[in-house]
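What follows is the content of my_file_10.cif (mmCIF, C-alpha atoms and all ligand atoms).
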```cif
data_final
#
loop_
_atom_site.label_atom_id
_atom_site.label_comp_id
_atom_site.auth_asym_id
_atom_site.auth_seq_id
_atom_site.Cartn_x
_atom_site.Cartn_y
_atom_site.Cartn_z
CA MET A 1 -37.40 16.32 43.68
CA THR A 2 -36.25 12.82 42.72
CA ASP A 3 -33.01 12.38 40.72
CA LYS A 4 -34.61 11.78 37.38
CA ILE A 5 -38.09 12.66 36.21
CA ARG A 6 -39.84 11.73 33.02
CA ILE A 7 -42.94 13.72 32.12
CA ALA A 8 -45.17 12.31 29.37
CA ILE A 9 -47.58 14.67 27.63
CA ASP A 10 -49.98 13.13 25.13
CA GLY A 11 -52.96 14.45 23.25
CA PRO A 12 -54.39 15.24 19.82
CA SER A 13 -52.99 17.73 17.29
CA GLY A 14 -53.31 21.38 18.18
CA ALA A 15 -54.09 20.85 21.86
CA GLY A 16 -51.03 22.96 22.70
CA LYS A 17 -48.88 20.03 23.83
CA SER A 18 -45.59 21.12 22.35
CA THR A 19 -45.67 24.72 23.58
CA ILE A 20 -46.70 23.53 27.02
CA ALA A 21 -44.08 20.76 27.05
CA LYS A 22 -41.38 23.22 25.97
CA ASN A 23 -42.35 25.63 28.78
CA VAL A 24 -42.36 22.91 31.42
CA ALA A 25 -38.94 21.66 30.25
CA ARG A 26 -37.48 25.16 30.27
CA ILE A 27 -38.77 25.93 33.76
CA LEU A 28 -37.57 22.60 35.18
CA HIS A 29 -34.24 22.81 33.27
CA ILE A 30 -34.68 19.45 31.61
CA ASP A 31 -34.70 18.32 27.96
CA TYR A 32 -37.73 18.46 25.73
CA ILE A 33 -38.30 15.71 23.17
CA ASP A 34 -40.86 16.37 20.45
CA THR A 35 -41.73 12.88 19.18
CA GLY A 36 -44.16 14.27 16.59
CA ALA A 37 -41.19 16.02 14.98
CA MET A 38 -39.53 12.62 14.62
CA TYR A 39 -42.52 11.21 12.69
CA ARG A 40 -42.57 14.40 10.65
CA ALA A 41 -38.84 14.00 9.87
CA ILE A 42 -39.43 10.47 8.57
CA GLY A 43 -42.45 11.65 6.57
CA TYR A 44 -40.34 14.42 5.09
CA LYS A 45 -37.51 12.09 4.15
CA ILE A 46 -39.82 9.53 2.57
CA GLN A 47 -41.60 12.20 0.59
CA LYS A 48 -38.34 13.75 -0.58
CA SER A 49 -36.95 10.37 -1.63
CA ASN A 50 -40.17 9.55 -3.51
CA ILE A 51 -40.58 6.23 -1.75
CA ALA A 52 -44.01 4.61 -2.04
CA LEU A 53 -45.39 3.79 1.41
CA ASN A 54 -46.15 0.24 0.34
CA ASP A 55 -42.56 -0.39 -0.77
CA ARG A 56 -41.58 -1.89 2.58
CA GLU A 57 -38.09 -2.94 1.47
CA ALA A 58 -37.19 0.59 0.38
CA LEU A 59 -38.74 1.90 3.58
CA LYS A 60 -36.63 -0.45 5.73
CA ARG A 61 -33.46 0.52 3.86
CA THR A 62 -34.23 4.21 4.30
CA LEU A 63 -34.92 3.80 8.01
CA LEU A 64 -31.61 2.00 8.55
CA ASP A 65 -29.91 4.94 6.93
CA THR A 66 -31.72 7.67 8.92
CA GLU A 67 -30.47 9.64 11.90
CA ILE A 68 -32.70 11.96 13.92
CA ASP A 69 -31.55 14.10 16.80
CA PHE A 70 -32.41 17.25 18.74
CA VAL A 71 -29.67 19.80 19.25
CA GLU A 72 -30.37 23.07 21.06
CA GLY A 73 -34.04 22.96 20.12
CA ASN A 74 -33.35 22.11 16.48
CA VAL A 75 -34.62 18.98 14.74
CA ILE A 76 -31.72 17.37 12.91
CA LEU A 77 -32.29 14.84 10.12
CA ASP A 78 -29.14 13.19 8.76
CA GLY A 79 -27.06 16.13 9.91
CA ALA A 80 -29.28 18.91 8.50
CA ILE A 81 -31.60 21.25 10.41
CA ILE A 82 -35.16 20.73 9.15
CA ASN A 83 -37.23 22.72 11.69
CA ASP A 84 -39.52 24.68 9.36
CA ARG A 85 -39.61 22.21 6.52
CA ILE A 86 -41.57 19.69 8.59
CA ARG A 87 -44.29 22.13 9.68
CA THR A 88 -46.36 22.22 6.50
CA PRO A 89 -49.89 20.78 6.12
CA GLU A 90 -48.48 18.34 3.56
CA ILE A 91 -45.89 16.94 5.97
CA SER A 92 -48.52 16.80 8.76
CA LYS A 93 -50.52 14.45 6.58
CA MET A 94 -47.45 12.45 5.61
CA ALA A 95 -46.36 12.15 9.27
CA SER A 96 -49.76 10.78 10.21
CA GLU A 97 -49.51 8.20 7.43
CA VAL A 98 -45.98 7.03 8.22
CA SER A 99 -46.77 6.88 11.94
CA ALA A 100 -49.11 3.95 11.27
CA LEU A 101 -46.27 1.82 9.80
CA SER A 102 -44.76 -0.76 12.15
CA GLU A 103 -41.19 -0.31 10.81
CA VAL A 104 -41.34 3.42 11.50
CA ARG A 105 -42.81 3.06 14.99
CA GLU A 106 -40.32 0.37 15.96
CA LYS A 107 -37.38 2.56 15.06
CA LEU A 108 -38.72 5.75 16.63
CA VAL A 109 -40.05 4.17 19.84
CA ALA A 110 -36.64 2.54 20.44
CA LEU A 111 -34.90 5.89 19.89
CA GLN A 112 -37.35 7.69 22.18
CA ARG A 113 -36.98 5.10 24.97
CA ASN A 114 -33.25 5.48 24.71
CA MET A 115 -33.51 9.26 25.03
CA GLY A 116 -35.83 8.89 28.03
CA GLN A 117 -33.57 6.44 29.82
CA ARG A 118 -30.51 8.60 30.02
CA LYS A 119 -31.87 11.79 31.56
CA SER A 120 -34.84 13.76 32.84
CA VAL A 121 -37.15 14.67 29.98
CA VAL A 122 -40.46 16.11 28.99
CA MET A 123 -41.63 14.06 26.02
CA ASP A 124 -44.78 14.82 24.07
CA GLY A 125 -46.65 12.75 21.51
CA ARG A 126 -49.55 10.33 21.23
CA ASP A 127 -48.30 7.12 22.89
CA ILE A 128 -45.76 8.32 25.44
CA GLY A 129 -47.76 7.51 28.58
CA THR A 130 -49.27 4.33 27.16
CA ASN A 131 -46.22 2.91 25.42
CA VAL A 132 -42.89 4.76 25.09
CA LEU A 133 -42.45 5.75 28.75
CA ARG A 134 -45.05 3.57 30.41
CA ASP A 135 -43.24 4.03 33.72
CA ALA A 136 -42.95 7.83 33.46
CA GLU A 137 -43.17 9.57 36.84
CA PHE A 138 -45.80 12.00 35.49
CA LYS A 139 -48.35 11.61 32.73
CA PHE A 140 -50.70 14.18 31.28
CA PHE A 141 -53.33 13.95 28.57
CA VAL A 142 -53.94 17.38 27.06
CA THR A 143 -57.08 17.97 24.99
CA ALA A 144 -59.17 20.82 23.52
CA SER A 145 -62.26 20.88 21.34
CA PRO A 146 -61.65 20.35 17.58
CA ALA A 147 -62.95 23.89 16.87
CA GLU A 148 -60.49 25.41 19.34
CA ARG A 149 -57.60 23.32 18.00
CA ALA A 150 -58.44 24.30 14.42
CA ARG A 151 -58.55 27.96 15.40
CA ARG A 152 -55.09 27.72 17.02
CA ARG A 153 -53.58 25.90 14.02
CA TRP A 154 -55.18 28.43 11.67
CA LEU A 155 -53.67 31.32 13.64
CA GLU A 156 -50.24 29.60 13.51
CA LEU A 157 -50.46 29.12 9.73
CA SER A 158 -51.65 32.71 9.19
CA ALA A 159 -48.79 34.05 11.32
CA LYS A 160 -46.37 32.15 9.08
CA GLY A 161 -47.94 33.74 6.01
CA GLU A 162 -49.61 30.49 4.97
CA PRO A 163 -53.29 31.42 4.83
CA ALA A 164 -55.71 28.50 4.96
CA GLU A 165 -59.46 28.02 5.20
CA LEU A 166 -60.50 27.53 8.83
CA GLU A 167 -63.03 24.91 7.80
CA GLN A 168 -60.37 22.96 5.90
CA VAL A 169 -58.00 23.14 8.88
CA GLU A 170 -60.74 21.74 11.14
CA GLU A 171 -61.55 18.99 8.66
CA ASP A 172 -57.85 18.03 8.49
CA ILE A 173 -57.62 17.96 12.29
CA ILE A 174 -60.68 15.73 12.61
CA GLN A 175 -59.28 13.40 9.93
CA ARG A 176 -55.89 13.21 11.69
CA ASP A 177 -57.57 12.57 15.07
CA HIS A 178 -59.43 9.73 13.45
CA ASN A 179 -56.27 8.27 11.88
CA ASP A 180 -54.21 8.69 15.05
CA SER A 181 -56.78 7.18 17.41
CA THR A 182 -58.00 4.30 15.27
CA ARG A 183 -54.69 2.97 13.95
CA GLU A 184 -53.76 -0.48 15.12
CA LEU A 185 -50.33 0.35 16.55
CA ASN A 186 -50.12 2.47 19.70
CA PRO A 187 -53.13 4.68 18.94
CA LEU A 188 -53.72 8.02 20.60
CA LYS A 189 -55.28 7.12 23.94
CA LYS A 190 -55.24 8.49 27.46
CA ALA A 191 -53.14 6.34 29.81
CA GLU A 192 -55.21 5.18 32.77
CA ASP A 193 -52.87 6.92 35.17
CA ALA A 194 -52.63 10.20 33.21
CA VAL A 195 -54.03 13.49 34.49
CA GLU A 196 -56.42 14.88 31.86
CA LEU A 197 -56.30 18.62 31.13
CA ASP A 198 -58.84 20.25 28.82
CA THR A 199 -57.14 23.41 27.54
CA THR A 200 -60.20 24.90 25.80
CA GLY A 201 -60.45 28.49 27.02
CA LEU A 202 -57.19 28.27 28.99
CA THR A 203 -53.95 30.03 28.18
CA ILE A 204 -50.70 28.14 27.64
CA GLU A 205 -49.41 29.70 30.88
CA GLU A 206 -52.39 28.42 32.86
CA VAL A 207 -51.92 24.87 31.61
CA THR A 208 -48.15 25.04 32.20
CA GLN A 209 -48.84 26.10 35.79
CA LYS A 210 -51.29 23.23 36.32
CA ILE A 211 -48.65 20.73 35.19
CA LEU A 212 -45.96 22.30 37.34
CA GLU A 213 -48.27 22.19 40.37
CA VAL A 214 -48.79 18.43 39.95
CA VAL A 215 -45.08 17.80 39.37
CA LYS A 216 -43.92 19.92 42.31
CA TRP A 217 -46.59 18.68 44.68
CA GLN A 218 -45.79 15.03 44.04
CA SER A 219 -42.00 15.25 43.80
O1 LIG B 1 -47.61 16.11 17.20
P1 LIG B 1 -47.43 16.23 15.68
O2 LIG B 1 -48.63 16.85 15.00
O3 LIG B 1 -46.17 16.90 15.29
O4 LIG B 1 -47.34 14.71 15.17
C1 LIG B 1 -47.22 14.38 13.81
C2 LIG B 1 -47.85 13.01 13.55
O5 LIG B 1 -47.07 11.99 14.18
C3 LIG B 1 -49.28 12.84 14.07
O6 LIG B 1 -50.19 12.64 13.01
C4 LIG B 1 -49.28 11.62 14.93
C5 LIG B 1 -47.90 11.06 14.85
N1 LIG B 1 -47.33 10.77 16.16
C6 LIG B 1 -47.45 9.49 16.65
O7 LIG B 1 -48.06 8.64 16.02
N2 LIG B 1 -46.88 9.17 17.84
C7 LIG B 1 -46.23 10.09 18.56
N3 LIG B 1 -45.66 9.74 19.72
C8 LIG B 1 -46.11 11.42 18.07
C9 LIG B 1 -46.69 11.74 16.87
#
```
Can I see the file as structure tokens?
Amino acid sequence: MTDKIRIAIDGPSGAGKSTIAKNVARILHIDYIDTGAMYRAIGYKIQKSNIALNDREALKRTLLDTEIDFVEGNVILDGAIINDRIRTPEISKMASEVSALSEVREKLVALQRNMGQRKSVVMDGRDIGTNVLRDAEFKFFVTASPAERARRRWLELSAKGEPAELEQVEEDIIQRDHNDSTRELNPLKKAEDAVELDTTGLTIEEVTQKILEVVKWQS
């Protein structure tokens, strides 16, 4: 295997990216960077500070004063662990909205590139293969049908004791896909050189194995 490897995993919400990315990172003993969590952290902070999204000056000031890090699998915002607080349907929506703002993307993409420069990483998101780590050694685009993704998200929410209507979850997913893939800045899109994996009907373990096969075979 080469000295340093960067693995980019992109795809829509609920395709299983983060669980798969975490598994791959654990097995290869390299760091995992959840870029969606970074957009969620900003969305959470903006919501908590009651900043209007069109107040660009306040937004810029807040971003200058924001620190995001990952420590031992925890998402840290300004020194506090915020893992569970950013996993609500409300923050999902907020994250999608703030991710379309140029100030937010500029800050987070720079941070992510910095993280990817220093060490081997598995990074998942929407624009990793097309933008953040354009020269990543390995790129994957993970998809699943909207119905399957809604079912997975619904199971996750139910397991957390947050019952939701399956239909509503699917509607939200379709809306977020639309927002994420039609926004002007770095939309969700498969990189030309990414390997596409449709996870509908596959287990997380099966997809993890497929990724590891590609990585090991080509390293
Ligand atoms: O993967 P996730 O659901 O945690 O991502 C939250 C939101 O952040 C999602 O609506 C899209 C956005 N996002 C993005 O624009 N670019 C990324 N690299 C990662 C996430």
Within 8 Å of segment 138-148 of chain A using all atoms listed in the file, minus same-chain residues under 6 positions, as number ranges by chain: A: 5-12, 14-17, 129, 170, 173-174, 190-191, 193-200, 211, 215
Residues of the last selection are to be written out with C-alpha atoms, as an mmCIF file, in the frame of the given file.
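Dumped everything to out30.cif:
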```
data_model
loop_
_atom_site.group_PDB
_atom_site.id
_atom_site.type_symbol
_atom_site.label_atom_id
_atom_site.label_comp_id
_atom_site.auth_asym_id
_atom_site.auth_seq_id
_atom_site.Cartn_x
_atom_site.Cartn_y
_atom_site.Cartn_z
ATOM 1 C CA ILE A 5 -38.090 12.660 36.210
ATOM 2 C CA ARG A 6 -39.840 11.730 33.020
ATOM 3 C CA ILE A 7 -42.940 13.720 32.120
ATOM 4 C CA ALA A 8 -45.170 12.310 29.370
ATOM 5 C CA ILE A 9 -47.580 14.670 27.630
ATOM 6 C CA ASP A 10 -49.980 13.130 25.130
ATOM 7 C CA GLY A 11 -52.960 14.450 23.250
ATOM 8 C CA PRO A 12 -54.390 15.240 19.820
ATOM 9 C CA GLY A 14 -53.310 21.380 18.180
ATOM 10 C CA ALA A 15 -54.090 20.850 21.860
ATOM 11 C CA GLY A 16 -51.030 22.960 22.700
ATOM 12 C CA LYS A 17 -48.880 20.030 23.830
ATOM 13 C CA GLY A 129 -47.760 7.510 28.580
ATOM 14 C CA GLU A 170 -60.740 21.740 11.140
ATOM 15 C CA ILE A 173 -57.620 17.960 12.290
ATOM 16 C CA ILE A 174 -60.680 15.730 12.610
ATOM 17 C CA LYS A 190 -55.240 8.490 27.460
ATOM 18 C CA ALA A 191 -53.140 6.340 29.810
ATOM 19 C CA ASP A 193 -52.870 6.920 35.170
ATOM 20 C CA ALA A 194 -52.630 10.200 33.210
ATOM 21 C CA VAL A 195 -54.030 13.490 34.490
ATOM 22 C CA GLU A 196 -56.420 14.880 31.860
ATOM 23 C CA LEU A 197 -56.300 18.620 31.130
ATOM 24 C CA ASP A 198 -58.840 20.250 28.820
ATOM 25 C CA THR A 199 -57.140 23.410 27.540
ATOM 26 C CA THR A 200 -60.200 24.900 25.800
ATOM 27 C CA ILE A 211 -48.650 20.730 35.190
ATOM 28 C CA VAL A 215 -45.080 17.800 39.370
#
```
I need the residue nearest Asp172 of chain A from this list: A:Glu90, A:Asp78, A:Glu67, A:Asp84. Use only C-alpha atoms for the distance.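 Of A:Glu90, A:Asp78, A:Glu67, A:Asp84, the one nearest Asp172 of chain A is A:Glu90, counting only C-alpha atoms.
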Report, in Å to a single decimal, how far apart atom CA of Val71 of chain A and atom CA of Val104 of chain A are. 21.6 Å
Find the spatial neighbours of Ser49 of chain A, counting only C-alpha atoms, within a cut-off of 12 Å - ignore same-chain residues fewer than 5 positions away - and output them as a ChimeraX atom specification. /A:42-44,58-59,61-63
Kindly save the residues from that selection, with C-alpha atoms included, as a PDB file, in the frame of the given file.
```
ATOM      1  CA  ILE A  42     -39.430  10.470   8.570  1.00  0.00           C
ATOM      2  CA  GLY A  43     -42.450  11.650   6.570  1.00  0.00           C
ATOM      3  CA  TYR A  44     -40.340  14.420   5.090  1.00  0.00           C
ATOM      4  CA  ALA A  58     -37.190   0.590   0.380  1.00  0.00           C
ATOM      5  CA  LEU A  59     -38.740   1.900   3.580  1.00  0.00           C
ATOM      6  CA  ARG A  61     -33.460   0.520   3.860  1.00  0.00           C
ATOM      7  CA  THR A  62     -34.230   4.210   4.300  1.00  0.00           C
ATOM      8  CA  LEU A  63     -34.920   3.800   8.010  1.00  0.00           C
TER       9      LEU A  63
END
```
Environment of ligand LIG 1 (chain B) within 8 Å, counting all atoms listed in the file, reported as a VMD selection string: chain A and resid 10 12 to 14 17 to 18 34 to 40 87 92 to 100 105 109 124 to 128 132 176 to 177 179 to 180 186 to 188
I'd like to know which of A:Ile20, A:Ile81, A:Leu133, A:Leu185 is closest to Leu101 of chain A, using all atoms listed in the file.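 Looking only at the distances to Leu101 of chain A, the closest residue turns out to be A:Leu185.
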If I put a ball of radius 10 Å at (-59.3, 28.2, 6.3) in the file's coordinates, which residues poke into it when counting all atoms listed in the file, written as a VMD selection string? chain A and resid 150 to 151 153 to 155 157 to 158 163 to 171
Residues from the last selection, C-alpha atoms, saved as a PDB file, in the coordinates of the input:
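Okay, this is what ended up in again.pdb:
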```pdb
ATOM      1  CA  ALA A 150     -58.440  24.300  14.420  1.00  0.00           C
ATOM      2  CA  ARG A 151     -58.550  27.960  15.400  1.00  0.00           C
ATOM      3  CA  ARG A 153     -53.580  25.900  14.020  1.00  0.00           C
ATOM      4  CA  TRP A 154     -55.180  28.430  11.670  1.00  0.00           C
ATOM      5  CA  LEU A 155     -53.670  31.320  13.640  1.00  0.00           C
ATOM      6  CA  LEU A 157     -50.460  29.120   9.730  1.00  0.00           C
ATOM      7  CA  SER A 158     -51.650  32.710   9.190  1.00  0.00           C
ATOM      8  CA  PRO A 163     -53.290  31.420   4.830  1.00  0.00           C
ATOM      9  CA  ALA A 164     -55.710  28.500   4.960  1.00  0.00           C
ATOM     10  CA  GLU A 165     -59.460  28.020   5.200  1.00  0.00           C
ATOM     11  CA  LEU A 166     -60.500  27.530   8.830  1.00  0.00           C
ATOM     12  CA  GLU A 167     -63.030  24.910   7.800  1.00  0.00           C
ATOM     13  CA  GLN A 168     -60.370  22.960   5.900  1.00  0.00           C
ATOM     14  CA  VAL A 169     -58.000  23.140   8.880  1.00  0.00           C
ATOM     15  CA  GLU A 170     -60.740  21.740  11.140  1.00  0.00           C
ATOM     16  CA  GLU A 171     -61.550  18.990   8.660  1.00  0.00           C
TER      17      GLU A 171
END
```
So the first atom is atom CA of Lys119 of chain A and the second is atom CA of Leu212 of chain A; what is the distance between them in Å, to one decimal place?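 Distance between the two atoms: 18.5 Å.
With distances taken over all atoms listed in the file, A:Glu137 is the one residue among A:Glu137, A:Glu156, A:Arg183, A:Gly201 lying closest to Met123 of chain A.
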